Amino acid sequence: MCGIAGLIHRGKSSNVGSELQGMLQALKHRGEDSTGYALYGDTDGKNFIMRFKVGENVGEGSSSVMEDVSVYDERKKIVDETLAEMGAKVIKEERTLPYSLRYEIDYDTKDLLDFSQRIESIPGVEILSMGKSLEVIKDLGNAKMVCDRYSLDKVVGTHAIGHARMATESGVDIKSAHPFWGYPFSDVSVVHNGQLTNYWNNRRVLENKGMRFMSECDSELIAVYIAEKMRHGATLEEGMKESLTGLDGVFTYFVATKDSLGMAKDTMAAKPLVLYESDDLVAMGSEEIAIRSVLPQEIDTYDPFDGEVKVWQI
Amino acid sequence: MANLKTVSKKSKAQSMGMHTEVLTGRTQQKFFNPDEAENFYYFGTYDVDFNKRTELDVKDMTAPEANKEIDNLMSQGYGTIVIKNPQGKHSLGVGILNKLNLIFEGSLGYFGMGSCDGPIVRINGRVGWSCAENLMAGKVVIEKNAGSCFGAAIRGGDLICKGSVGARTGIDMKGGTIIIGGDAGAFTGFMMQRGRIIILGDVGINLGDSMYDGTIFVGGEIGSYGSDAVDSELTPSDQDWLKRKLKVAEIGENFDVSKMKKIVAGKKLWNYDNLEPTEKKGAI
C-alpha cells in the first residue's frame, strides 16, 4: 500500500510545495518509508535544473550501505568535470545534503539521452530529474520530514505530484522511491500505486530498445514505458492509453509534464483514486483526506472508473 | 440472545414471508425465532428517542473519538444526531447496532458506516471505499458519489447512492438492496450470494462475475457480463417491486422500470452439494 497525490492549478501559480506536503502527510498511514515530490516550479525556462544524488541516505531503516562523505565528494567532482567536458555550464549549485545536489545548468540540447548516459556512467550517480521546470526531490521518511529537510514548503509553481511509499518489492532507498523521472525526457515524472506483474518481461524489451532502469522497483517501468512511447511520437495521453493493455497488474498512476498532468487507472480498478475537478484546480489522491488538506470545505469528488485516462493542461 | 434454531421443516420465519428460499445440501438453516423475541438482547444498544436531537462537530476529533462520542450520545437517549465536518475521515459511524437517525453534513472517507445494524443514515456528501460494509439492517442514503466496494458483504438493509459508484459494488453481498442512481464501475455484484442491486445508469465490465445468486437490475448500458451472469425475464412483480423500492429510496421515482435488464446467476458454477476432494476420499 502506497499513497499518491497530485494537483494542478490552471491559469495561475500557487504554493505547490506546501500543498503537496499537506496532501502526502495526510496519506502517511499508507507508507512512510520514503516520500517523493515532483514539483513544477515557476522558472524563467532558460536553464535546465538537474536534481541528482551521489549516494544514498543511510539513516535508520535504510537498506543502503554506508559510504564515506569523501566518496560523495569524489563523485561530485567527476560530475563537474563531465559537465565541463560536455560544454554544460553550471550557473548555480546547491548541495542540500551530502548526497543530494541541485544544479542549474546552461546546456543547449534537446536530446538528453547522451547527456544523461554520460552523467550516470559515473558509478553511484543518479539523475533524479532533469527539466526546465521539474524538480524531483525524494528521500526516506514521511512527507513533512522530507519537506523540512529540503525546504520545499516555499516552492511556488503550477502543478505537482507526489508519493508516500511503503516499500514492498524493493529496498528502502532513494533509488526505489517515487517519483521517477521519465528518462530521458525533460520535465516528465511518474508516481504509481500498485503492482505490475509483467515488469521483467517489459523491462527486458525496453532495455533492448536502449531504455535505462536505475532500480528494481516495478513502478519505474511506467516512467520508462511512457517515455519510450513518447520517444516514438506518441502524445502523453496516447502513451498512457496504451499502458492500460501494455502493463499488466493493478495500478493507478499519475504522469506530469511541463504543462500537463494525467492519471490512469487499470481495467480492474483495484487501486483507489479520488478526484476533484474545477475550472481552476484539479486535485487527486489515494484518499479523500489528501484532497481535504487543500480544500477543507465541502466539495464534490468522485472515483474515476476502470480503464480511465485523463489529462489536464495548466 | 434469542434462541437460534436449526430448522428442518418450514420455519415460522418462512411462513411470515421473512425468508422464502429453501437451501439444500449441507447448509444448516438457522433463523431468528420470533417466539423468543422478548429475550432478545443486543449488547451495546440503547433506548433512544428520535425526537431528542443533537449536533456533533467532529472536525478536531479522530474517528475513534467521534465514534465513541456517538455511542455516548446514544447512551444519553439521543435518537437523532447530526455530524458536522466529517471532512472525509475514515471509519466514521461504524458498528452502530441501534435504531438511530444519523445525519452527516459532509463526506466520509473509507469504511464509513461499516458493520451497522439498524440506523437510518443520510450522508449529505460522498463516501469513500467500502461504505456500509457488512450492513445488517437499516438504511443508508448517500446524496453524492461513492467509492469502490460499496456495500461489500452486506446482509440486509437498504443502501442507496444517488450519484455514481466505483468498482466491485455489492461484492460478496448476502442480502439487502443496493440502489444506484448513476453509473457503477467494473465487477459490480462480484461473487454476490443473495440480495438485489439496482443501477439506473450504465455499468462497467464483468457485471455479476461469479455470482452465486441474487438479482441485478440495470437501467443503462452494460460493459460486459461476468462469468455465469445471465439475462433473465423481467416479470411484472419485478417491475412492481422496482417501482416501490425506487420510491422508498427517493430516487428515480419516474424511471421507466419496464426497460430495465434483469441479470441473475446462470448457476453453472454451483457446487454447493459437491463433496470436497478430501471428503470424497473419506466417503470412499
# chains A, B, ... in the order shown; residues from 1 in each chain; ligands from 1
>>> interface_residues(of="chain A", to="chain B", cutoff="12 Å", atoms="only C-alpha atoms", output="count of residues only")
39
>>> select_by_dssp(residues="range 27-226 of chain B", states="alpha helix (DSSP H)", output="PDB file with N, CA and C atoms, in the first residue's frame")
ATOM      1  N   ALA B  63     -11.367   9.481  14.271  1.00  0.00           N
ATOM      2  CA  ALA B  63     -12.545   8.633  14.048  1.00  0.00           C
ATOM      3  C   ALA B  63     -12.937   7.865  15.314  1.00  0.00           C
ATOM      4  N   PRO B  64     -11.990   7.250  16.048  1.00  0.00           N
ATOM      5  CA  PRO B  64     -12.406   6.551  17.280  1.00  0.00           C
ATOM      6  C   PRO B  64     -13.060   7.492  18.291  1.00  0.00           C
ATOM      7  N   GLU B  65     -12.532   8.706  18.387  1.00  0.00           N
ATOM      8  CA  GLU B  65     -13.133   9.669  19.329  1.00  0.00           C
ATOM      9  C   GLU B  65     -14.555  10.024  18.904  1.00  0.00           C
ATOM     10  N   ALA B  66     -14.728  10.234  17.603  1.00  0.00           N
ATOM     11  CA  ALA B  66     -16.065  10.586  17.097  1.00  0.00           C
ATOM     12  C   ALA B  66     -17.044   9.438  17.315  1.00  0.00           C
ATOM     13  N   ASN B  67     -16.609   8.234  17.026  1.00  0.00           N
ATOM     14  CA  ASN B  67     -17.494   7.074  17.187  1.00  0.00           C
ATOM     15  C   ASN B  67     -17.859   6.838  18.661  1.00  0.00           C
ATOM     16  N   LYS B  68     -16.886   7.080  19.519  1.00  0.00           N
ATOM     17  CA  LYS B  68     -17.147   6.916  20.951  1.00  0.00           C
ATOM     18  C   LYS B  68     -18.165   7.957  21.418  1.00  0.00           C
ATOM     19  N   GLU B  69     -18.059   9.155  20.870  1.00  0.00           N
ATOM     20  CA  GLU B  69     -18.986  10.217  21.269  1.00  0.00           C
ATOM     21  C   GLU B  69     -20.401   9.927  20.753  1.00  0.00           C
ATOM     22  N   ILE B  70     -20.498   9.348  19.553  1.00  0.00           N
ATOM     23  CA  ILE B  70     -21.822   8.949  19.039  1.00  0.00           C
ATOM     24  C   ILE B  70     -22.437   7.926  19.995  1.00  0.00           C
ATOM     25  N   ASP B  71     -21.632   6.982  20.408  1.00  0.00           N
ATOM     26  CA  ASP B  71     -22.095   5.955  21.334  1.00  0.00           C
ATOM     27  C   ASP B  71     -22.545   6.588  22.654  1.00  0.00           C
ATOM     28  N   ASN B  72     -21.756   7.545  23.104  1.00  0.00           N
ATOM     29  CA  ASN B  72     -22.072   8.243  24.357  1.00  0.00           C
ATOM     30  C   ASN B  72     -23.414   8.984  24.236  1.00  0.00           C
ATOM     31  N   LEU B  73     -23.619   9.632  23.092  1.00  0.00           N
ATOM     32  CA  LEU B  73     -24.877  10.380  22.884  1.00  0.00           C
ATOM     33  C   LEU B  73     -26.067   9.425  22.833  1.00  0.00           C
ATOM     34  N   MET B  74     -25.880   8.281  22.202  1.00  0.00           N
ATOM     35  CA  MET B  74     -26.966   7.295  22.170  1.00  0.00           C
ATOM     36  C   MET B  74     -27.288   6.815  23.579  1.00  0.00           C
ATOM     37  N   SER B  75     -26.256   6.636  24.376  1.00  0.00           N
ATOM     38  CA  SER B  75     -26.486   6.171  25.752  1.00  0.00           C
ATOM     39  C   SER B  75     -27.261   7.202  26.570  1.00  0.00           C
TER      40      SER B  75
END
>>> residues_around(residues="Phe180 in chain A", least_positions_apart="2", cutoff="12 Å", atoms="only C-alpha atoms", output="VMD selection string")
chain A and resid 35 to 38 51 126 to 130 134 to 138 161 to 163 174 to 178 182 to 185 187 to 192 212 to 215 217 to 227 253 to 256
>>> atom_distance(atom1="CA of Ser224 in chain B", atom2="CA of Asn193 in chain A")
26.3 Å
>>> atom_distance(atom1="CA of Asp33 in chain A", atom2="CA of Arg149 in chain A")
15.1 Å
>>> residues_around(residues="Glu94 in chain A", least_positions_apart="3", cutoff="9 Å", atoms="only C-alpha atoms", output="count of residues only")
6
>>> closest_residue(among="B:Val218, B:Ile81, B:Val230, B:Ala249", to="Gly157 in chain B", atoms="only C-alpha atoms")
B:Ala249
>>> residues_around(residues="Arg30 in chain A", least_positions_apart="5", cutoff="10 Å", atoms="only C-alpha atoms", output="PyMOL selection string")
chain A and resi 1-4+24-25+163-166+286-287
>>> write_last_selection(atoms="C-alpha atoms", output="CSV table (one decimal), in the first residue's frame")
chain,number,residue,atom,x,y,z
A,1,MET,CA,0.0,0.0,0.0
A,2,CYS,CA,1.3,3.4,-1.0
A,3,GLY,CA,-0.3,6.8,-1.4
A,4,ILE,CA,-0.2,9.1,-4.3
A,24,LEU,CA,1.1,13.5,1.3
A,25,GLN,CA,1.3,13.9,5.0
A,163,HIS,CA,4.2,9.7,-3.4
A,164,ALA,CA,4.2,8.2,0.1
A,165,ARG,CA,5.8,4.8,-0.1
A,166,MET,CA,5.5,1.6,1.8
A,286,SER,CA,-5.5,7.8,-3.0
A,287,GLU,CA,-7.9,9.0,-0.3
>>> select_by_dssp(residues="range 113-143 of chain A", states="strand (DSSP E)", output="PyMOL selection string")
chain A and resi 126-131+134-140
>>> write_last_selection(atoms="C-alpha atoms", output="short mmCIF file (atom, residue, chain, number, x, y, z; two decimals), in the first residue's frame")
data_model
loop_
_atom_site.label_atom_id
_atom_site.label_comp_id
_atom_site.auth_asym_id
_atom_site.auth_seq_id
_atom_site.Cartn_x
_atom_site.Cartn_y
_atom_site.Cartn_z
CA GLU A 126 21.79 9.04 -10.48
CA ILE A 127 19.88 11.90 -12.03
CA LEU A 128 16.60 12.25 -10.15
CA SER A 129 15.19 14.74 -12.60
CA MET A 130 16.16 16.93 -15.48
CA GLY A 131 13.98 19.68 -16.78
CA LEU A 134 10.52 19.87 -12.95
CA GLU A 135 12.40 19.10 -9.77
CA VAL A 136 12.16 15.63 -8.22
CA ILE A 137 13.01 15.52 -4.54
CA LYS A 138 12.77 12.20 -2.76
CA ASP A 139 14.21 10.80 0.41
CA LEU A 140 13.48 8.49 3.32
#
>>> residues_around(residues="range 121-123 of chain A", least_positions_apart="5", cutoff="9 Å", atoms="only C-alpha atoms", output="list in words")
Val54, Arg75, Ile78, Val79 and Ser116 of chain A
>>> write_last_selection(atoms="N, CA and C atoms", output="mmCIF file, in the first residue's frame")
data_model
loop_
_atom_site.group_PDB
_atom_site.id
_atom_site.type_symbol
_atom_site.label_atom_id
_atom_site.label_comp_id
_atom_site.auth_asym_id
_atom_site.auth_seq_id
_atom_site.Cartn_x
_atom_site.Cartn_y
_atom_site.Cartn_z
ATOM 1 N N VAL A 54 24.531 11.581 -5.317
ATOM 2 C CA VAL A 54 25.833 10.918 -5.443
ATOM 3 C C VAL A 54 25.986 9.827 -4.383
ATOM 4 N N ARG A 75 32.664 11.712 -6.315
ATOM 5 C CA ARG A 75 31.679 11.553 -7.401
ATOM 6 C C ARG A 75 31.228 12.912 -7.921
ATOM 7 N N ILE A 78 33.729 14.344 -10.257
ATOM 8 C CA ILE A 78 33.702 13.742 -11.602
ATOM 9 C C ILE A 78 32.505 14.272 -12.398
ATOM 10 N N VAL A 79 31.376 14.454 -11.708
ATOM 11 C CA VAL A 79 30.197 15.029 -12.387
ATOM 12 C C VAL A 79 30.545 16.417 -12.931
ATOM 13 N N SER A 116 22.483 12.321 -20.204
ATOM 14 C CA SER A 116 22.166 11.518 -19.018
ATOM 15 C C SER A 116 23.047 10.284 -18.933
#
>>> decode(residues="range 80-208 of chain B", atoms="C-alpha atoms", output="PDB file, in the first residue's frame")
ATOM      1  CA  THR B  80     -31.201  11.988  16.083  1.00  0.00           C
ATOM      2  CA  ILE B  81     -27.571  13.005  15.748  1.00  0.00           C
ATOM      3  CA  VAL B  82     -26.208  15.425  13.162  1.00  0.00           C
ATOM      4  CA  ILE B  83     -22.475  15.091  12.476  1.00  0.00           C
ATOM      5  CA  LYS B  84     -20.765  18.290  11.350  1.00  0.00           C
ATOM      6  CA  ASN B  85     -17.443  18.496   9.462  1.00  0.00           C
ATOM      7  CA  PRO B  86     -16.701  14.809   8.827  1.00  0.00           C
ATOM      8  CA  GLN B  87     -14.186  16.039   6.201  1.00  0.00           C
ATOM      9  CA  GLY B  88     -13.552  12.705   4.573  1.00  0.00           C
ATOM     10  CA  LYS B  89     -12.402  10.957   7.749  1.00  0.00           C
ATOM     11  CA  HIS B  90     -12.267   7.173   7.630  1.00  0.00           C
ATOM     12  CA  SER B  91     -14.352   4.710   9.641  1.00  0.00           C
ATOM     13  CA  LEU B  92     -16.966   7.151  10.908  1.00  0.00           C
ATOM     14  CA  GLY B  93     -20.222   5.744  12.236  1.00  0.00           C
ATOM     15  CA  VAL B  94     -19.065   2.137  12.340  1.00  0.00           C
ATOM     16  CA  GLY B  95     -20.596  -0.577  14.496  1.00  0.00           C
ATOM     17  CA  ILE B  96     -23.871   1.174  15.367  1.00  0.00           C
ATOM     18  CA  LEU B  97     -26.279  -1.553  16.457  1.00  0.00           C
ATOM     19  CA  ASN B  98     -29.120   0.789  17.325  1.00  0.00           C
ATOM     20  CA  LYS B  99     -32.148   2.402  15.816  1.00  0.00           C
ATOM     21  CA  LEU B 100     -30.851   5.905  15.203  1.00  0.00           C
ATOM     22  CA  ASN B 101     -31.296   8.828  12.845  1.00  0.00           C
ATOM     23  CA  LEU B 102     -27.782   9.792  11.877  1.00  0.00           C
ATOM     24  CA  ILE B 103     -27.085  12.656   9.506  1.00  0.00           C
ATOM     25  CA  PHE B 104     -23.630  13.524   8.180  1.00  0.00           C
ATOM     26  CA  GLU B 105     -23.249  17.090   6.931  1.00  0.00           C
ATOM     27  CA  GLY B 106     -20.352  16.307   4.605  1.00  0.00           C
ATOM     28  CA  SER B 107     -18.343  13.484   3.111  1.00  0.00           C
ATOM     29  CA  LEU B 108     -16.917  10.324   4.628  1.00  0.00           C
ATOM     30  CA  GLY B 109     -13.671   8.526   3.823  1.00  0.00           C
ATOM     31  CA  TYR B 110     -13.161   4.779   3.763  1.00  0.00           C
ATOM     32  CA  PHE B 111     -15.239   2.226   5.688  1.00  0.00           C
ATOM     33  CA  GLY B 112     -17.948   4.692   6.717  1.00  0.00           C
ATOM     34  CA  MET B 113     -20.967   3.101   8.422  1.00  0.00           C
ATOM     35  CA  GLY B 114     -19.352  -0.332   8.419  1.00  0.00           C
ATOM     36  CA  SER B 115     -20.882  -3.246  10.342  1.00  0.00           C
ATOM     37  CA  CYS B 116     -24.054  -1.408  11.314  1.00  0.00           C
ATOM     38  CA  ASP B 117     -27.356  -2.935  12.291  1.00  0.00           C
ATOM     39  CA  GLY B 118     -30.400  -0.714  12.309  1.00  0.00           C
ATOM     40  CA  PRO B 119     -29.600   3.001  11.927  1.00  0.00           C
ATOM     41  CA  ILE B 120     -31.190   5.273   9.359  1.00  0.00           C
ATOM     42  CA  VAL B 121     -28.327   7.305   7.904  1.00  0.00           C
ATOM     43  CA  ARG B 122     -28.199  10.189   5.494  1.00  0.00           C
ATOM     44  CA  ILE B 123     -24.846  11.373   4.186  1.00  0.00           C
ATOM     45  CA  ASN B 124     -25.006  14.799   2.574  1.00  0.00           C
ATOM     46  CA  GLY B 125     -21.764  14.276   0.700  1.00  0.00           C
ATOM     47  CA  ARG B 126     -19.807  11.425  -0.831  1.00  0.00           C
ATOM     48  CA  VAL B 127     -18.307   8.289   0.648  1.00  0.00           C
ATOM     49  CA  GLY B 128     -15.006   6.525   0.035  1.00  0.00           C
ATOM     50  CA  TRP B 129     -14.297   2.840  -0.393  1.00  0.00           C
ATOM     51  CA  SER B 130     -16.273   0.128   1.392  1.00  0.00           C
ATOM     52  CA  CYS B 131     -19.160   2.225   2.641  1.00  0.00           C
ATOM     53  CA  ALA B 132     -21.620   0.287   4.816  1.00  0.00           C
ATOM     54  CA  GLU B 133     -19.629  -2.915   4.559  1.00  0.00           C
ATOM     55  CA  ASN B 134     -21.442  -5.752   6.353  1.00  0.00           C
ATOM     56  CA  LEU B 135     -24.610  -3.711   6.883  1.00  0.00           C
ATOM     57  CA  MET B 136     -27.142  -5.925   8.656  1.00  0.00           C
ATOM     58  CA  ALA B 137     -30.223  -3.727   8.692  1.00  0.00           C
ATOM     59  CA  GLY B 138     -31.280  -0.106   8.386  1.00  0.00           C
ATOM     60  CA  LYS B 139     -30.984   2.398   5.587  1.00  0.00           C
ATOM     61  CA  VAL B 140     -28.003   4.401   4.385  1.00  0.00           C
ATOM     62  CA  VAL B 141     -28.561   7.159   1.818  1.00  0.00           C
ATOM     63  CA  ILE B 142     -25.640   8.910   0.108  1.00  0.00           C
ATOM     64  CA  GLU B 143     -26.518  12.114  -1.680  1.00  0.00           C
ATOM     65  CA  LYS B 144     -23.418  12.240  -3.913  1.00  0.00           C
ATOM     66  CA  ASN B 145     -20.959   9.648  -5.272  1.00  0.00           C
ATOM     67  CA  ALA B 146     -19.428   6.607  -3.649  1.00  0.00           C
ATOM     68  CA  GLY B 147     -16.099   4.815  -3.994  1.00  0.00           C
ATOM     69  CA  SER B 148     -15.389   1.184  -4.761  1.00  0.00           C
ATOM     70  CA  CYS B 149     -16.610  -1.851  -2.805  1.00  0.00           C
ATOM     71  CA  PHE B 150     -19.831  -0.026  -1.984  1.00  0.00           C
ATOM     72  CA  GLY B 151     -21.966  -2.273   0.214  1.00  0.00           C
ATOM     73  CA  ALA B 152     -19.428  -5.078   0.302  1.00  0.00           C
ATOM     74  CA  ALA B 153     -20.811  -8.192   2.001  1.00  0.00           C
ATOM     75  CA  ILE B 154     -23.999  -6.545   3.233  1.00  0.00           C
ATOM     76  CA  ARG B 155     -26.560  -8.908   4.709  1.00  0.00           C
ATOM     77  CA  GLY B 156     -29.598  -6.685   4.874  1.00  0.00           C
ATOM     78  CA  GLY B 157     -30.942  -3.169   4.800  1.00  0.00           C
ATOM     79  CA  ASP B 158     -31.132  -0.617   2.011  1.00  0.00           C
ATOM     80  CA  LEU B 159     -28.035   1.114   0.734  1.00  0.00           C
ATOM     81  CA  ILE B 160     -28.718   3.969  -1.637  1.00  0.00           C
ATOM     82  CA  CYS B 161     -26.295   6.146  -3.597  1.00  0.00           C
ATOM     83  CA  LYS B 162     -27.865   8.936  -5.582  1.00  0.00           C
ATOM     84  CA  GLY B 163     -24.692   9.518  -7.611  1.00  0.00           C
ATOM     85  CA  SER B 164     -22.273   7.063  -9.213  1.00  0.00           C
ATOM     86  CA  VAL B 165     -20.259   4.330  -7.541  1.00  0.00           C
ATOM     87  CA  GLY B 166     -16.861   2.750  -8.177  1.00  0.00           C
ATOM     88  CA  ALA B 167     -15.878  -0.845  -8.879  1.00  0.00           C
ATOM     89  CA  ARG B 168     -16.997  -4.046  -7.128  1.00  0.00           C
ATOM     90  CA  THR B 169     -20.253  -2.634  -5.783  1.00  0.00           C
ATOM     91  CA  GLY B 170     -22.069  -5.294  -3.760  1.00  0.00           C
ATOM     92  CA  ILE B 171     -19.107  -7.660  -3.832  1.00  0.00           C
ATOM     93  CA  ASP B 172     -19.915 -10.768  -1.798  1.00  0.00           C
ATOM     94  CA  MET B 173     -23.280  -9.353  -0.676  1.00  0.00           C
ATOM     95  CA  LYS B 174     -25.525 -11.785   1.129  1.00  0.00           C
ATOM     96  CA  GLY B 175     -28.773  -9.883   1.313  1.00  0.00           C
ATOM     97  CA  GLY B 176     -30.326  -6.448   1.343  1.00  0.00           C
ATOM     98  CA  THR B 177     -30.717  -3.991  -1.510  1.00  0.00           C
ATOM     99  CA  ILE B 178     -28.259  -1.614  -3.131  1.00  0.00           C
ATOM    100  CA  ILE B 179     -29.680   1.166  -5.284  1.00  0.00           C
ATOM    101  CA  ILE B 180     -27.512   3.355  -7.510  1.00  0.00           C
ATOM    102  CA  GLY B 181     -28.906   6.462  -9.175  1.00  0.00           C
ATOM    103  CA  GLY B 182     -25.950   6.948 -11.533  1.00  0.00           C
ATOM    104  CA  ASP B 183     -23.384   4.619 -13.054  1.00  0.00           C
ATOM    105  CA  ALA B 184     -21.472   1.733 -11.494  1.00  0.00           C
ATOM    106  CA  GLY B 185     -17.941   0.505 -12.186  1.00  0.00           C
ATOM    107  CA  ALA B 186     -16.439  -2.849 -13.129  1.00  0.00           C
ATOM    108  CA  PHE B 187     -17.200  -6.110 -11.344  1.00  0.00           C
ATOM    109  CA  THR B 188     -20.477  -4.907  -9.867  1.00  0.00           C
ATOM    110  CA  GLY B 189     -22.111  -7.779  -7.970  1.00  0.00           C
ATOM    111  CA  PHE B 190     -18.879  -9.780  -7.994  1.00  0.00           C
ATOM    112  CA  MET B 191     -19.494 -13.084  -6.174  1.00  0.00           C
ATOM    113  CA  MET B 192     -22.776 -11.867  -4.710  1.00  0.00           C
ATOM    114  CA  GLN B 193     -24.688 -14.581  -2.949  1.00  0.00           C
ATOM    115  CA  ARG B 194     -28.084 -13.064  -2.316  1.00  0.00           C
ATOM    116  CA  GLY B 195     -29.825  -9.701  -2.337  1.00  0.00           C
ATOM    117  CA  ARG B 196     -30.573  -7.216  -5.086  1.00  0.00           C
ATOM    118  CA  ILE B 197     -28.696  -4.451  -6.849  1.00  0.00           C
ATOM    119  CA  ILE B 198     -30.473  -1.759  -8.850  1.00  0.00           C
ATOM    120  CA  ILE B 199     -28.448   0.504 -11.145  1.00  0.00           C
ATOM    121  CA  LEU B 200     -30.309   3.177 -13.043  1.00  0.00           C
ATOM    122  CA  GLY B 201     -27.308   4.214 -15.153  1.00  0.00           C
ATOM    123  CA  ASP B 202     -24.593   2.321 -17.008  1.00  0.00           C
ATOM    124  CA  VAL B 203     -22.445  -0.389 -15.504  1.00  0.00           C
ATOM    125  CA  GLY B 204     -18.849  -1.416 -16.308  1.00  0.00           C
ATOM    126  CA  ILE B 205     -17.277  -4.670 -17.387  1.00  0.00           C
ATOM    127  CA  ASN B 206     -17.756  -8.089 -15.798  1.00  0.00           C
ATOM    128  CA  LEU B 207     -21.148  -7.425 -14.293  1.00  0.00           C
ATOM    129  CA  GLY B 208     -22.160 -10.109 -11.789  1.00  0.00           C
TER     130      GLY B 208
END
